[in-house]
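Structure file query_16.txt (compact mmCIF, C-alpha atoms and all ligand atoms) is printed below.
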```
# COMPACT_ATOMS: atom_id res chain seq x y z
CA MET A 1 0.00 0.00 0.00
CA ASN A 2 1.27 3.48 -0.84
CA PRO A 3 1.98 5.67 2.15
CA ARG A 4 -0.62 8.35 2.74
CA ARG A 5 0.33 11.73 1.28
CA ILE A 6 0.38 14.69 3.66
CA HIS A 7 0.83 18.09 2.03
CA ILE A 8 3.24 20.40 3.81
CA GLN A 9 2.51 24.06 3.22
CA GLU A 10 5.36 26.32 4.23
CA VAL A 11 4.34 29.62 5.83
CA GLY A 12 7.67 30.73 7.30
CA LEU A 13 8.15 33.50 4.77
CA ARG A 14 4.80 35.02 5.74
CA ASP A 15 3.61 33.97 9.20
CA GLY A 16 7.22 33.44 10.25
CA LEU A 17 8.80 36.67 9.06
CA GLN A 18 5.83 38.87 9.99
CA ALA A 19 6.66 38.13 13.64
CA GLU A 20 10.26 39.33 13.28
CA SER A 21 11.46 42.84 13.95
CA ARG A 22 14.42 42.53 11.57
CA PHE A 23 13.78 43.14 7.86
CA VAL A 24 15.18 40.13 6.02
CA PRO A 25 16.70 41.42 2.74
CA THR A 26 14.61 40.70 -0.35
CA MET A 27 17.34 38.56 -1.98
CA GLU A 28 17.54 36.39 1.14
CA LYS A 29 13.76 35.88 1.11
CA ILE A 30 13.93 34.87 -2.55
CA ALA A 31 16.78 32.42 -1.89
CA LEU A 32 14.84 30.87 1.00
CA ALA A 33 11.65 30.57 -1.08
CA ASP A 34 13.55 28.83 -3.88
CA ALA A 35 15.29 26.47 -1.45
CA LEU A 36 11.96 25.54 0.14
CA SER A 37 10.20 24.85 -3.13
CA LYS A 38 13.19 22.73 -4.22
CA ALA A 39 12.95 20.84 -0.92
CA GLY A 40 9.47 19.72 -1.98
CA VAL A 41 6.86 21.70 -0.06
CA ALA A 42 3.46 21.52 -1.75
CA LYS A 43 2.54 25.14 -1.20
CA LEU A 44 4.54 28.20 -0.25
CA GLU A 45 2.99 31.26 1.32
CA VAL A 46 5.52 33.67 -0.11
CA SER A 47 4.46 36.92 1.57
CA SER A 48 1.45 39.06 2.36
CA PHE A 49 -0.07 41.98 0.48
CA VAL A 50 -1.17 43.85 3.58
CA SER A 51 -0.59 47.48 4.47
CA PRO A 52 3.18 48.08 4.67
CA LYS A 53 2.42 50.22 7.70
CA ALA A 54 0.82 47.24 9.45
CA VAL A 55 3.64 44.79 8.61
CA PRO A 56 6.71 46.70 7.38
CA VAL A 57 8.95 43.62 7.23
CA LEU A 58 6.85 42.22 4.35
CA ALA A 59 6.62 45.46 2.39
CA ASP A 60 8.68 43.88 -0.43
CA ALA A 61 6.06 41.25 -1.40
CA VAL A 62 5.96 42.40 -5.05
CA GLU A 63 9.75 42.19 -5.40
CA VAL A 64 9.90 38.78 -3.74
CA PHE A 65 7.28 37.37 -6.11
CA ALA A 66 9.14 38.88 -9.08
CA GLY A 67 12.39 37.20 -8.03
CA ILE A 68 11.36 33.64 -7.17
CA GLU A 69 11.73 30.65 -9.46
CA ARG A 70 8.37 28.99 -10.01
CA LYS A 71 8.75 25.26 -9.61
CA PRO A 72 5.99 23.41 -11.51
CA GLY A 73 3.49 21.82 -9.14
CA VAL A 74 4.21 24.19 -6.23
CA VAL A 75 1.38 26.59 -5.35
CA TYR A 76 2.69 30.10 -4.65
CA SER A 77 0.22 31.79 -2.34
CA ALA A 78 -0.04 35.13 -0.53
CA LEU A 79 -2.12 36.55 2.28
CA VAL A 80 -4.57 39.29 1.27
CA PRO A 81 -6.82 41.31 3.61
CA ASN A 82 -8.55 43.67 1.16
CA LEU A 83 -9.07 44.74 -2.45
CA ARG A 84 -5.90 46.83 -2.56
CA GLY A 85 -3.94 43.76 -1.52
CA ALA A 86 -5.70 41.63 -4.13
CA GLU A 87 -4.80 44.03 -6.93
CA ARG A 88 -1.15 43.93 -5.88
CA ALA A 89 -1.25 40.12 -5.57
CA ILE A 90 -2.76 39.66 -9.03
CA GLU A 91 -0.13 41.92 -10.52
CA ALA A 92 2.52 39.80 -8.79
CA ARG A 93 1.03 36.64 -10.45
CA VAL A 94 0.16 34.68 -7.34
CA ASP A 95 -1.33 31.20 -7.88
CA GLU A 96 -3.65 31.56 -4.92
CA ILE A 97 -5.04 34.39 -2.85
CA ASN A 98 -5.27 33.55 0.82
CA LEU A 99 -7.96 35.76 2.33
CA VAL A 100 -7.68 36.53 6.01
CA MET A 101 -10.42 37.07 8.52
CA SER A 102 -10.85 36.12 12.15
CA ALA A 103 -13.59 33.98 13.62
CA SER A 104 -13.33 36.26 16.67
CA GLU A 105 -14.63 39.82 16.50
CA SER A 106 -11.99 41.18 18.91
CA HIS A 107 -9.10 39.66 16.97
CA ASN A 108 -10.50 40.84 13.65
CA LEU A 109 -10.74 44.37 15.01
CA SER A 110 -7.19 44.35 16.33
CA ASN A 111 -5.66 42.61 13.31
CA LEU A 112 -7.60 44.16 10.45
CA ARG A 113 -9.27 47.19 12.03
CA MET A 114 -12.68 46.06 10.78
CA THR A 115 -15.61 44.13 12.16
CA ARG A 116 -16.01 40.63 10.75
CA ALA A 117 -19.04 41.84 8.75
CA GLN A 118 -16.96 44.64 7.20
CA SER A 119 -14.13 42.23 6.41
CA PHE A 120 -16.52 39.73 4.83
CA ALA A 121 -18.19 42.40 2.68
CA GLY A 122 -14.77 43.49 1.39
CA LEU A 123 -13.60 39.92 0.84
CA ARG A 124 -16.65 39.26 -1.33
CA ASP A 125 -15.18 41.73 -3.86
CA VAL A 126 -11.71 40.26 -3.43
CA ALA A 127 -12.93 36.71 -4.16
CA ALA A 128 -14.88 37.90 -7.21
CA LEU A 129 -11.82 39.74 -8.55
CA ALA A 130 -9.55 36.73 -7.97
CA HIS A 131 -11.98 34.35 -9.64
CA SER A 132 -12.38 36.67 -12.63
CA HIS A 133 -8.59 36.28 -13.10
CA GLY A 134 -8.76 32.50 -12.71
CA ILE A 135 -6.96 32.63 -9.36
CA LYS A 136 -7.84 30.15 -6.62
CA VAL A 137 -9.13 31.52 -3.33
CA ASN A 138 -8.46 30.14 0.12
CA VAL A 139 -9.57 31.75 3.37
CA SER A 140 -7.55 31.60 6.57
CA LEU A 141 -9.95 31.83 9.46
CA SER A 142 -7.91 33.08 12.41
CA CYS A 143 -8.74 32.11 16.03
CA SER A 144 -10.84 29.12 14.91
CA PHE A 145 -9.87 27.21 18.06
CA GLY A 146 -9.99 30.06 20.56
CA CYS A 147 -9.22 33.75 20.91
CA PRO A 148 -6.66 35.25 23.29
CA MET A 149 -9.08 38.11 24.06
CA GLU A 150 -12.47 36.36 24.02
CA GLY A 151 -11.61 32.82 25.13
CA GLU A 152 -13.64 30.02 23.53
CA VAL A 153 -14.80 30.55 19.97
CA GLU A 154 -17.92 28.47 19.48
CA GLN A 155 -17.62 25.70 16.88
CA GLN A 156 -20.91 26.87 15.45
CA THR A 157 -19.45 30.35 14.83
CA VAL A 158 -16.58 28.79 12.88
CA LEU A 159 -18.93 26.54 10.91
CA ASP A 160 -21.23 29.48 10.12
CA TRP A 161 -18.35 31.52 8.68
CA CYS A 162 -17.16 28.49 6.71
CA THR A 163 -20.68 28.18 5.28
CA ARG A 164 -20.70 31.80 4.17
CA PHE A 165 -17.24 31.59 2.59
CA VAL A 166 -18.17 28.40 0.71
CA ASP A 167 -21.72 29.34 -0.32
CA GLU A 168 -21.40 33.05 -0.96
CA LEU A 169 -17.75 33.51 -1.94
CA GLN A 170 -17.19 30.05 -3.51
CA VAL A 171 -13.75 29.69 -1.95
CA GLN A 172 -11.83 26.55 -2.97
CA GLY A 173 -10.13 26.15 0.37
CA ILE A 174 -10.42 26.95 4.06
CA THR A 175 -7.62 27.06 6.60
CA LEU A 176 -8.65 26.69 10.21
CA CYS A 177 -6.04 28.69 12.10
CA ASP A 178 -5.08 28.22 15.70
CA THR A 179 -3.53 31.67 15.91
CA THR A 180 -2.26 31.53 19.50
CA GLY A 181 -1.90 27.80 20.21
CA MET A 182 -5.21 27.29 22.01
CA ALA A 183 -6.27 24.17 20.08
CA TYR A 184 -6.12 20.74 21.70
CA PRO A 185 -6.29 17.34 20.01
CA THR A 186 -9.86 16.27 20.79
CA GLN A 187 -11.15 19.69 19.74
CA VAL A 188 -9.15 19.48 16.49
CA ARG A 189 -10.58 16.06 15.77
CA GLU A 190 -14.14 17.17 16.32
CA LEU A 191 -13.96 20.32 14.20
CA THR A 192 -12.03 18.57 11.42
CA ASP A 193 -14.62 15.77 11.35
CA LYS A 194 -17.45 18.26 11.07
CA VAL A 195 -15.88 20.36 8.31
CA ARG A 196 -14.86 17.29 6.26
CA ALA A 197 -18.28 15.71 6.61
CA ARG A 198 -20.06 18.89 5.55
CA TRP A 199 -17.74 19.91 2.66
CA PRO A 200 -16.00 16.75 1.40
CA GLY A 201 -14.69 18.48 -1.76
CA LEU A 202 -13.21 21.47 0.05
CA GLU A 203 -9.43 21.83 0.35
CA LEU A 204 -9.07 21.90 4.12
CA THR A 205 -5.84 23.06 5.78
CA LEU A 206 -5.02 23.04 9.48
CA HIS A 207 -2.73 25.76 10.79
CA PHE A 208 -1.33 25.35 14.28
CA HIS A 209 0.96 27.37 16.50
CA ASN A 210 3.02 25.53 19.09
CA THR A 211 2.42 28.15 21.79
CA ARG A 212 1.36 25.58 24.39
CA GLY A 213 3.35 22.59 23.14
CA MET A 214 0.37 20.89 21.49
CA GLY A 215 1.37 21.56 17.88
CA LEU A 216 2.46 18.08 16.78
CA ALA A 217 -0.30 16.41 18.82
CA ASN A 218 -2.81 18.61 16.99
CA VAL A 219 -1.34 17.72 13.61
CA LEU A 220 -1.65 14.01 14.42
CA ALA A 221 -5.23 14.49 15.64
CA GLY A 222 -6.01 16.28 12.37
CA ILE A 223 -4.49 13.43 10.35
CA ASP A 224 -6.56 10.89 12.28
CA ALA A 225 -9.65 12.88 11.35
CA GLY A 226 -8.67 12.81 7.68
CA ALA A 227 -6.95 16.18 7.19
CA GLU A 228 -4.16 16.10 4.60
CA ARG A 229 -2.85 19.67 4.47
CA PHE A 230 -0.88 21.40 7.19
CA ASP A 231 0.74 24.80 7.40
CA ALA A 232 4.12 24.82 9.09
CA SER A 233 7.01 27.19 9.44
CA LEU A 234 10.73 26.54 9.00
CA GLY A 235 12.49 26.69 12.36
CA GLY A 236 9.12 27.05 14.10
CA ILE A 237 9.19 30.84 13.77
CA GLY A 238 6.04 32.90 13.46
CA GLY A 239 3.05 34.53 15.07
CA CYS A 240 0.48 37.22 14.41
CA PRO A 241 1.76 40.64 15.51
CA TYR A 242 -1.82 41.63 16.41
CA ALA A 243 -2.66 38.63 18.63
CA PRO A 244 -1.46 38.99 22.23
CA GLY A 245 0.77 36.11 23.30
CA ALA A 246 1.24 34.67 19.80
CA THR A 247 4.35 32.55 19.22
CA GLY A 248 5.71 30.32 16.48
CA ASN A 249 3.95 27.98 14.09
CA VAL A 250 4.46 24.25 14.23
CA CYS A 251 7.98 23.68 12.94
CA THR A 252 8.23 22.29 9.39
CA GLU A 253 11.29 20.13 9.99
CA GLU A 254 9.82 18.69 13.21
CA ILE A 255 6.56 17.79 11.49
CA VAL A 256 8.29 16.29 8.44
CA HIS A 257 10.70 14.35 10.68
CA ALA A 258 7.84 12.91 12.77
CA LEU A 259 5.57 12.10 9.82
CA GLU A 260 8.42 10.42 7.90
CA LEU A 261 9.12 8.15 10.88
CA MET A 262 5.43 7.27 10.99
CA GLY A 263 5.48 6.26 7.32
CA TYR A 264 3.65 9.21 5.76
CA ASP A 265 4.76 10.64 2.44
CA THR A 266 5.34 14.39 2.82
CA GLY A 267 7.14 14.82 -0.51
CA VAL A 268 9.72 16.90 1.36
CA ASP A 269 13.45 16.20 1.44
CA LEU A 270 14.27 16.55 5.14
CA GLY A 271 18.01 16.97 4.52
CA GLN A 272 17.43 19.97 2.24
CA LEU A 273 14.89 21.40 4.65
CA LEU A 274 17.42 21.21 7.48
CA LYS A 275 20.04 22.97 5.36
CA SER A 276 17.64 25.89 4.97
CA ALA A 277 16.68 25.79 8.63
CA HIS A 278 20.37 26.06 9.56
CA THR A 279 20.59 29.44 7.78
CA LEU A 280 17.71 30.95 9.78
CA GLU A 281 19.49 31.92 12.98
CA ASP A 282 22.04 34.06 11.11
CA LEU A 283 19.28 35.56 8.99
CA LEU A 284 17.12 36.50 11.97
CA GLY A 285 19.83 37.20 14.56
CA HIS A 286 18.42 34.89 17.21
CA ALA A 287 17.81 31.23 18.07
CA VAL A 288 14.73 29.53 16.63
CA PRO A 289 12.39 27.07 18.42
CA SER A 290 13.18 24.01 16.22
CA GLN A 291 14.11 21.00 18.36
CA ILE A 292 15.42 19.05 15.40
CA LEU A 293 17.96 21.77 14.66
CA LYS A 294 19.34 21.31 18.18
CA ALA A 295 19.02 17.55 18.58
CA GLY A 296 19.43 16.32 15.00
CA ARG A 297 17.37 13.53 13.47
CA ARG A 298 16.47 10.48 15.48
CA LEU A 299 19.23 8.33 13.99
CA ASP A 300 21.93 10.99 13.63
CA LEU A 301 24.77 9.43 15.55
CA HIS A 302 27.02 11.05 18.09
CA PRO A 303 30.65 10.06 18.67
CA VAL A 304 31.19 7.82 21.66
CA PRO A 305 32.46 9.99 24.55
CA PRO A 306 36.05 9.21 25.56
CA ALA A 307 36.28 6.56 28.29
CA PRO A 308 36.82 8.01 31.74
CA ILE A 309 40.43 7.72 32.87
CA LYS A 310 40.77 5.26 35.74
CA ALA A 311 42.46 6.69 38.80
N1 LIG A 401 -1.53 46.94 0.44
C1 LIG A 401 -0.83 48.10 0.48
N2 LIG A 401 -1.26 49.20 1.10
C2 LIG A 401 -2.45 49.12 1.71
C3 LIG A 401 -3.22 47.95 1.73
C4 LIG A 401 -2.71 46.83 1.07
N3 LIG A 401 -3.36 45.69 1.07
N4 LIG A 401 -4.34 48.19 2.42
C5 LIG A 401 -4.29 49.46 2.84
N5 LIG A 401 -3.14 50.02 2.41
C6 LIG A 401 -2.67 51.37 2.67
C7 LIG A 401 -3.65 52.41 2.21
O1 LIG A 401 -3.38 52.76 0.87
C8 LIG A 401 -3.37 53.55 3.18
O2 LIG A 401 -2.19 54.20 2.80
P1 LIG A 401 -1.98 55.79 3.04
O3 LIG A 401 -2.01 55.96 4.55
O4 LIG A 401 -0.64 56.05 2.44
O5 LIG A 401 -3.13 56.45 2.37
C9 LIG A 401 -3.05 52.82 4.49
O6 LIG A 401 -2.60 51.54 4.08
C10 LIG A 401 -4.24 52.69 5.42
O7 LIG A 401 -5.31 52.16 4.69
P2 LIG A 401 -6.76 51.85 5.33
O8 LIG A 401 -7.63 51.32 4.26
O9 LIG A 401 -7.20 53.06 6.13
O10 LIG A 401 -6.45 50.65 6.23
P3 LIG A 401 -6.27 50.54 7.80
O11 LIG A 401 -5.18 51.46 8.28
O12 LIG A 401 -7.59 50.58 8.48
O13 LIG A 401 -5.71 49.04 7.88
C11 LIG A 401 -5.61 46.87 6.87
C12 LIG A 401 -6.49 47.94 7.44
C13 LIG A 401 -6.42 45.61 6.70
C14 LIG A 401 -5.05 47.31 5.52
C15 LIG A 401 -4.41 46.67 7.82
O14 LIG A 401 -4.89 46.55 9.14
C16 LIG A 401 -3.60 45.46 7.48
O15 LIG A 401 -2.93 45.41 6.46
N6 LIG A 401 -3.64 44.43 8.35
C17 LIG A 401 -2.95 43.20 8.14
C18 LIG A 401 -2.31 42.79 9.42
C19 LIG A 401 -1.56 41.50 9.23
O16 LIG A 401 -0.92 41.22 8.22
N7 LIG A 401 -1.60 40.67 10.27
C20 LIG A 401 -0.94 39.44 10.28
C21 LIG A 401 -1.60 38.42 9.42
S1 LIG A 401 -2.66 37.36 10.32
ZN ZN A 402 -0.50 31.74 12.07
```
Would you encode the structure as structure tokens?
Ligand code: COA
Ligand code: ZN
Amino acid sequence: MNPRRIHIQEVGLRDGLQAESRFVPTMEKIALADALSKAGVAKLEVSSFVSPKAVPVLADAVEVFAGIERKPGVVYSALVPNLRGAERAIEARVDEINLVMSASESHNLSNLRMTRAQSFAGLRDVAALAHSHGIKVNVSLSCSFGCPMEGEVEQQTVLDWCTRFVDELQVQGITLCDTTGMAYPTQVRELTDKVRARWPGLELTLHFHNTRGMGLANVLAGIDAGAERFDASLGGIGGCPYAPGATGNVCTEEIVHALELMGYDTGVDLGQLLKSAHTLEDLLGHAVPSQILKAGRRLDLHPVPPAPIKA
């Protein structure tokens, strides 16, 4: 039997870098994007077309898109909050527009400075524009598993927004985002089951942050419930600058390492991924959360320590 395919969608260049204070030079972003697509990720969120005042470190999205090599089969995506962003993204020839809205009113107000209703009304125009250009539309629904300002976000609220995005905006994909690491495995399983049962043809992605150490457990719970697409970030960097307490995404090399051991096919070359991960600390000027970078792979061998000298 063929191993089950799990699609790894790299978000380090967007979710990862947006959390950094240092501006990573455009050429370095391009080199990292090319290395990651060569390593075999299925989708690459290259940048975001948001207000450069809101996220200055990603103000070079147009230049990054212009400089990357497009590897056939890889989907080059970008985050878009409004029509202005969509126009810039279309000009940059993105393969997919990733709309962003929060399931929580408080987080939507702090992140996007709009109510959810205002966001949705604007995104209706964005989706129509993208579709008229033949561009796929995905929506990332932030705080789908809880909000750092409101607490629980009712499953029904999440399902209702999913319904509106599918029925009214005809999105091809939905990403359920755990923006501040509030998701836990049984909750993930339940929501994934419900969304898959209701929209079997929808491209569902799960997006976890490892803020409370449940990242990999949540990925495995999602896989058990049939999910096949996961966002992850090289080195485990990341976090929404407008969500209090946000920290890094689940770490791409940790997820690939674990899934490979378990016999899943991620399509990703772990060795190449690790080479890229090793460049991150110099690029960012600080240590990154990745455990695999520190410990190495499970069967990486260490030299035998010298025998103690007998007195
Ligand atoms: N791309 C480039 N510039 C944009 C833009 C976009 N997508 N959207 C707005 N702008 C510019 C406007 O032209 C305006 O510029 P000006 O001051 O020179 O005239 C300025 O940004 C403010 O525009 P406005 O429409 O008043 O937006 P706002 O200040 O209320 O901000 C958002 C709303 C959505 C644009 C902003 O909050 C945003 O980009 N948020 C994204 C945050 C994010 O990326 N979070 C992490 C991802 S989860
Ligand atoms: Zn995120």
Provide an axis-aligned box for all listed atoms of ligand LIG 401 (chain A), padding each side by 8 Å; report its centre and its edge lengths in Å to one decimal, as lines of an AutoDock Vina configuration file.
```
center_x = -4.1
center_y = 46.9
center_z = 5.4
size_x = 23.0
size_y = 35.1
size_z = 25.9
```
| message | When you count all atoms listed in the file, which of these residues is closest to ligand ZN 402 (chain A): A:Gly267, A:Pro185, A:Gly215, A:Gly73? | response |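 Going through A:Gly267, A:Pro185, A:Gly215, A:Gly73 one by one, the smallest distance to ligand ZN 402 (chain A) is for A:Gly215.
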| message | For A:Gln9, find every residue with an atom within 8 Å (counting only C-alpha atoms), except residues of its own chain fewer than 3 positions away, and show them as a ChimeraX atom specification. | response | /A:41-45,229-232
File of the preceding selection, C-alpha atoms, as a short mmCIF file (atom, residue, chain, number, x, y, z; two decimals), in the coordinates of the input:
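Dumped everything to result_7.cif:
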```cif
data_model
loop_
_atom_site.label_atom_id
_atom_site.label_comp_id
_atom_site.auth_asym_id
_atom_site.auth_seq_id
_atom_site.Cartn_x
_atom_site.Cartn_y
_atom_site.Cartn_z
CA VAL A 41 6.86 21.70 -0.06
CA ALA A 42 3.46 21.52 -1.75
CA LYS A 43 2.54 25.14 -1.20
CA LEU A 44 4.54 28.20 -0.25
CA GLU A 45 2.99 31.26 1.32
CA ARG A 229 -2.85 19.67 4.47
CA PHE A 230 -0.88 21.40 7.19
CA ASP A 231 0.74 24.80 7.40
CA ALA A 232 4.12 24.82 9.09
#
```
| query | Skipping near chain neighbours, those fewer than 3 positions away, what residues fall within 7 Å of stretch 290-300 of chain A using only C-alpha atoms, listed as a PyMOL selection string? | reply | chain A and resi 235-236+251+253-254
| Given a cut-off of 8 Å, what residues near ligand ZN 402 (chain A) show up using all atoms listed in the file, put as a VMD selection string? | chain A and resid 15 142 177 to 180 207 to 209 238 to 240 248 to 249
| said: Report, in Å with one decimal, the straight-line distance from atom CA of A:Arg198 to atom CA of A:Gly222. | reply: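 Result for atom CA of A:Arg198 versus atom CA of A:Gly222: 15.8 Å, one decimal.
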Within 8 Å of ligand LIG 401 (chain A), which residues of chain A show up? Give each one with its shortest atom-to-atom distance in Å (one decimal) and the two atoms involved, counting all atoms listed in the file, rows by chain then rising residue number, as CSV.
```
residue,atom,partner,partner_atom,distance
A:Asp15,CA,A:LIG401,C21,6.9
A:Gln18,CA,A:LIG401,C20,6.8
A:Ser48,CA,A:LIG401,O16,6.7
A:Phe49,CA,A:LIG401,N3,5.0
A:Val50,CA,A:LIG401,O15,3.7
A:Ser51,CA,A:LIG401,O15,3.7
A:Pro52,CA,A:LIG401,C1,5.8
A:Lys53,CA,A:LIG401,O6,6.3
A:Ala54,CA,A:LIG401,O15,5.1
A:Val55,CA,A:LIG401,O16,5.8
A:Leu79,CA,A:LIG401,C21,7.4
A:Val80,CA,A:LIG401,N3,6.5
A:Pro81,CA,A:LIG401,C13,5.3
A:Asn82,CA,A:LIG401,N3,5.6
A:Leu83,CA,A:LIG401,N3,6.8
A:Arg84,CA,A:LIG401,N3,4.6
A:Gly85,CA,A:LIG401,N3,3.3
A:Ala86,CA,A:LIG401,N3,7.0
A:Arg88,CA,A:LIG401,N1,7.0
A:Val100,CA,A:LIG401,S1,6.7
A:Met101,CA,A:LIG401,S1,8.0
A:Ser110,CA,A:LIG401,O14,7.9
A:Asn111,CA,A:LIG401,C18,5.1
A:Leu112,CA,A:LIG401,O14,3.8
A:Arg113,CA,A:LIG401,O12,5.2
A:Met114,CA,A:LIG401,O12,7.2
A:Ser142,CA,A:LIG401,S1,7.1
A:Gly239,CA,A:LIG401,C20,7.9
A:Cys240,CA,A:LIG401,C20,4.9
A:Pro241,CA,A:LIG401,C20,6.0
A:Tyr242,CA,A:LIG401,N7,6.2
```
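Residues of protein, DNA and RNA with at least one atom no farther than 10 Å from (-13.6, 20.6, 16.6) are, using all atoms listed in the file, Ser144, Phe145, Glu154, Gln155, Gln156, Val158, Leu159, Ala183, Tyr184, Pro185, Thr186, Gln187, Val188, Arg189, Glu190, Leu191, Thr192, Asp193, Lys194, Val195 and Gly222 of chain A.
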| task | Grab the atom CA of A:Glu87 to atom CA of A:Val64 distance for me, in Å with one decimal place. | result |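 A separation of 15.9 Å between them.
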| Who sits within 12 Å of A:Ala121, all atoms listed in the file, same chain under 2 positions skipped, as an NGL selection string | :A and (81-83 or 101 or 114-119 or 123-128 or 164-165 or 168-169)
| request: Rank nothing, just name the residue among A:Leu259, A:Leu176, A:Ile135, A:Ile68 nearest to A:Ala103, using all atoms listed in the file. | output: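 Nearest candidate to A:Ala103 out of A:Leu259, A:Leu176, A:Ile135, A:Ile68: A:Leu176.
Using only C-alpha atoms for every distance, the candidate list A:Asn210, A:Gln172, A:Ser102, A:Thr157 yields A:Gln172 as the residue closest to A:Gly134.
A cut-off of 10 Å from the point (-2.9, 16.2, 6.8), with only C-alpha atoms, picks out the residues Arg4, Arg5, Ile6, His7, Ile8, Leu204, Thr205, Leu206, Val219, Leu220, Ala221, Gly222, Ile223, Asp224, Ala225, Gly226, Ala227, Glu228, Arg229, Phe230, Asp231, Leu259, Tyr264 and Thr266 of chain A.
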| message | Would you compute the distance between atom CA of A:Leu234 and atom CA of A:Gly12? Give it in Å to one decimal. | response | 5.5 Å
| task | Considering all atoms listed in the file, state which residue in the set A:Gly122, A:Gly181, A:Pro289, A:Pro148 is at the smallest distance from A:Leu99. | result |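 The shortest atom-to-atom distance to A:Leu99 comes from A:Gly122.
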If you count all atoms listed in the file, which residues fall within 8 Å of A:Asn98, apart from same-chain ones fewer than 4 positions away, as a PDB file with C-alpha atoms, keeping the file's coordinate frame?
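Once everything was written out, this is around.pdb:
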```pdb
ATOM      1  CA  SER A  77       0.220  31.790  -2.340  1.00  0.00           C
ATOM      2  CA  ALA A  78      -0.040  35.130  -0.530  1.00  0.00           C
ATOM      3  CA  LEU A  79      -2.120  36.550   2.280  1.00  0.00           C
ATOM      4  CA  VAL A  80      -4.570  39.290   1.270  1.00  0.00           C
ATOM      5  CA  VAL A 137      -9.130  31.520  -3.330  1.00  0.00           C
ATOM      6  CA  ASN A 138      -8.460  30.140   0.120  1.00  0.00           C
ATOM      7  CA  VAL A 139      -9.570  31.750   3.370  1.00  0.00           C
ATOM      8  CA  SER A 140      -7.550  31.600   6.570  1.00  0.00           C
TER       9      SER A 140
END
```
Starting from the incomplete input, reconstruct all heavy atoms of stretch 92-96 of chain A and report them as a JSON list (two decimals), in the coordinates of the input.
```json
[["chain", "number", "residue", "atom", "x", "y", "z"],
["A", 92, "ALA", "N", 1.31, 40.59, -9.12],
["A", 92, "ALA", "CA", 2.52, 39.80, -8.79],
["A", 92, "ALA", "C", 2.40, 38.35, -9.28],
["A", 92, "ALA", "O", 3.32, 37.56, -9.09],
["A", 92, "ALA", "CB", 2.76, 39.83, -7.29],
["A", 93, "ARG", "N", 1.28, 37.98, -9.89],
["A", 93, "ARG", "CA", 1.03, 36.64, -10.45],
["A", 93, "ARG", "C", 1.06, 35.55, -9.38],
["A", 93, "ARG", "O", 1.75, 34.54, -9.50],
["A", 93, "ARG", "CB", 2.03, 36.32, -11.57],
["A", 93, "ARG", "CG", 1.89, 37.24, -12.80],
["A", 93, "ARG", "CD", 2.66, 36.74, -13.98],
["A", 93, "ARG", "NE", 4.08, 36.57, -13.70],
["A", 93, "ARG", "CZ", 4.69, 35.39, -13.63],
["A", 93, "ARG", "NH1", 4.03, 34.28, -13.82],
["A", 93, "ARG", "NH2", 5.98, 35.34, -13.35],
["A", 94, "VAL", "N", 0.29, 35.75, -8.34],
["A", 94, "VAL", "CA", 0.16, 34.68, -7.34],
["A", 94, "VAL", "C", -0.70, 33.55, -7.92],
["A", 94, "VAL", "O", -1.53, 33.79, -8.79],
["A", 94, "VAL", "CB", -0.50, 35.19, -6.03],
["A", 94, "VAL", "CG1", 0.26, 36.36, -5.43],
["A", 94, "VAL", "CG2", -1.95, 35.58, -6.26],
["A", 95, "ASP", "N", -0.48, 32.33, -7.44],
["A", 95, "ASP", "CA", -1.33, 31.20, -7.88],
["A", 95, "ASP", "C", -2.61, 31.16, -7.06],
["A", 95, "ASP", "O", -3.62, 30.64, -7.50],
["A", 95, "ASP", "CB", -0.62, 29.85, -7.64],
["A", 95, "ASP", "CG", 0.61, 29.70, -8.50],
["A", 95, "ASP", "OD1", 0.60, 30.22, -9.64],
["A", 95, "ASP", "OD2", 1.58, 29.07, -8.03],
["A", 96, "GLU", "N", -2.51, 31.67, -5.83],
["A", 96, "GLU", "CA", -3.65, 31.56, -4.92],
["A", 96, "GLU", "C", -3.67, 32.79, -4.02],
["A", 96, "GLU", "O", -2.63, 33.23, -3.53],
["A", 96, "GLU", "CB", -3.49, 30.30, -4.07],
["A", 96, "GLU", "CG", -4.59, 30.13, -3.05],
["A", 96, "GLU", "CD", -4.23, 29.09, -2.00],
["A", 96, "GLU", "OE1", -3.58, 29.46, -0.99],
["A", 96, "GLU", "OE2", -4.60, 27.93, -2.19]]
```
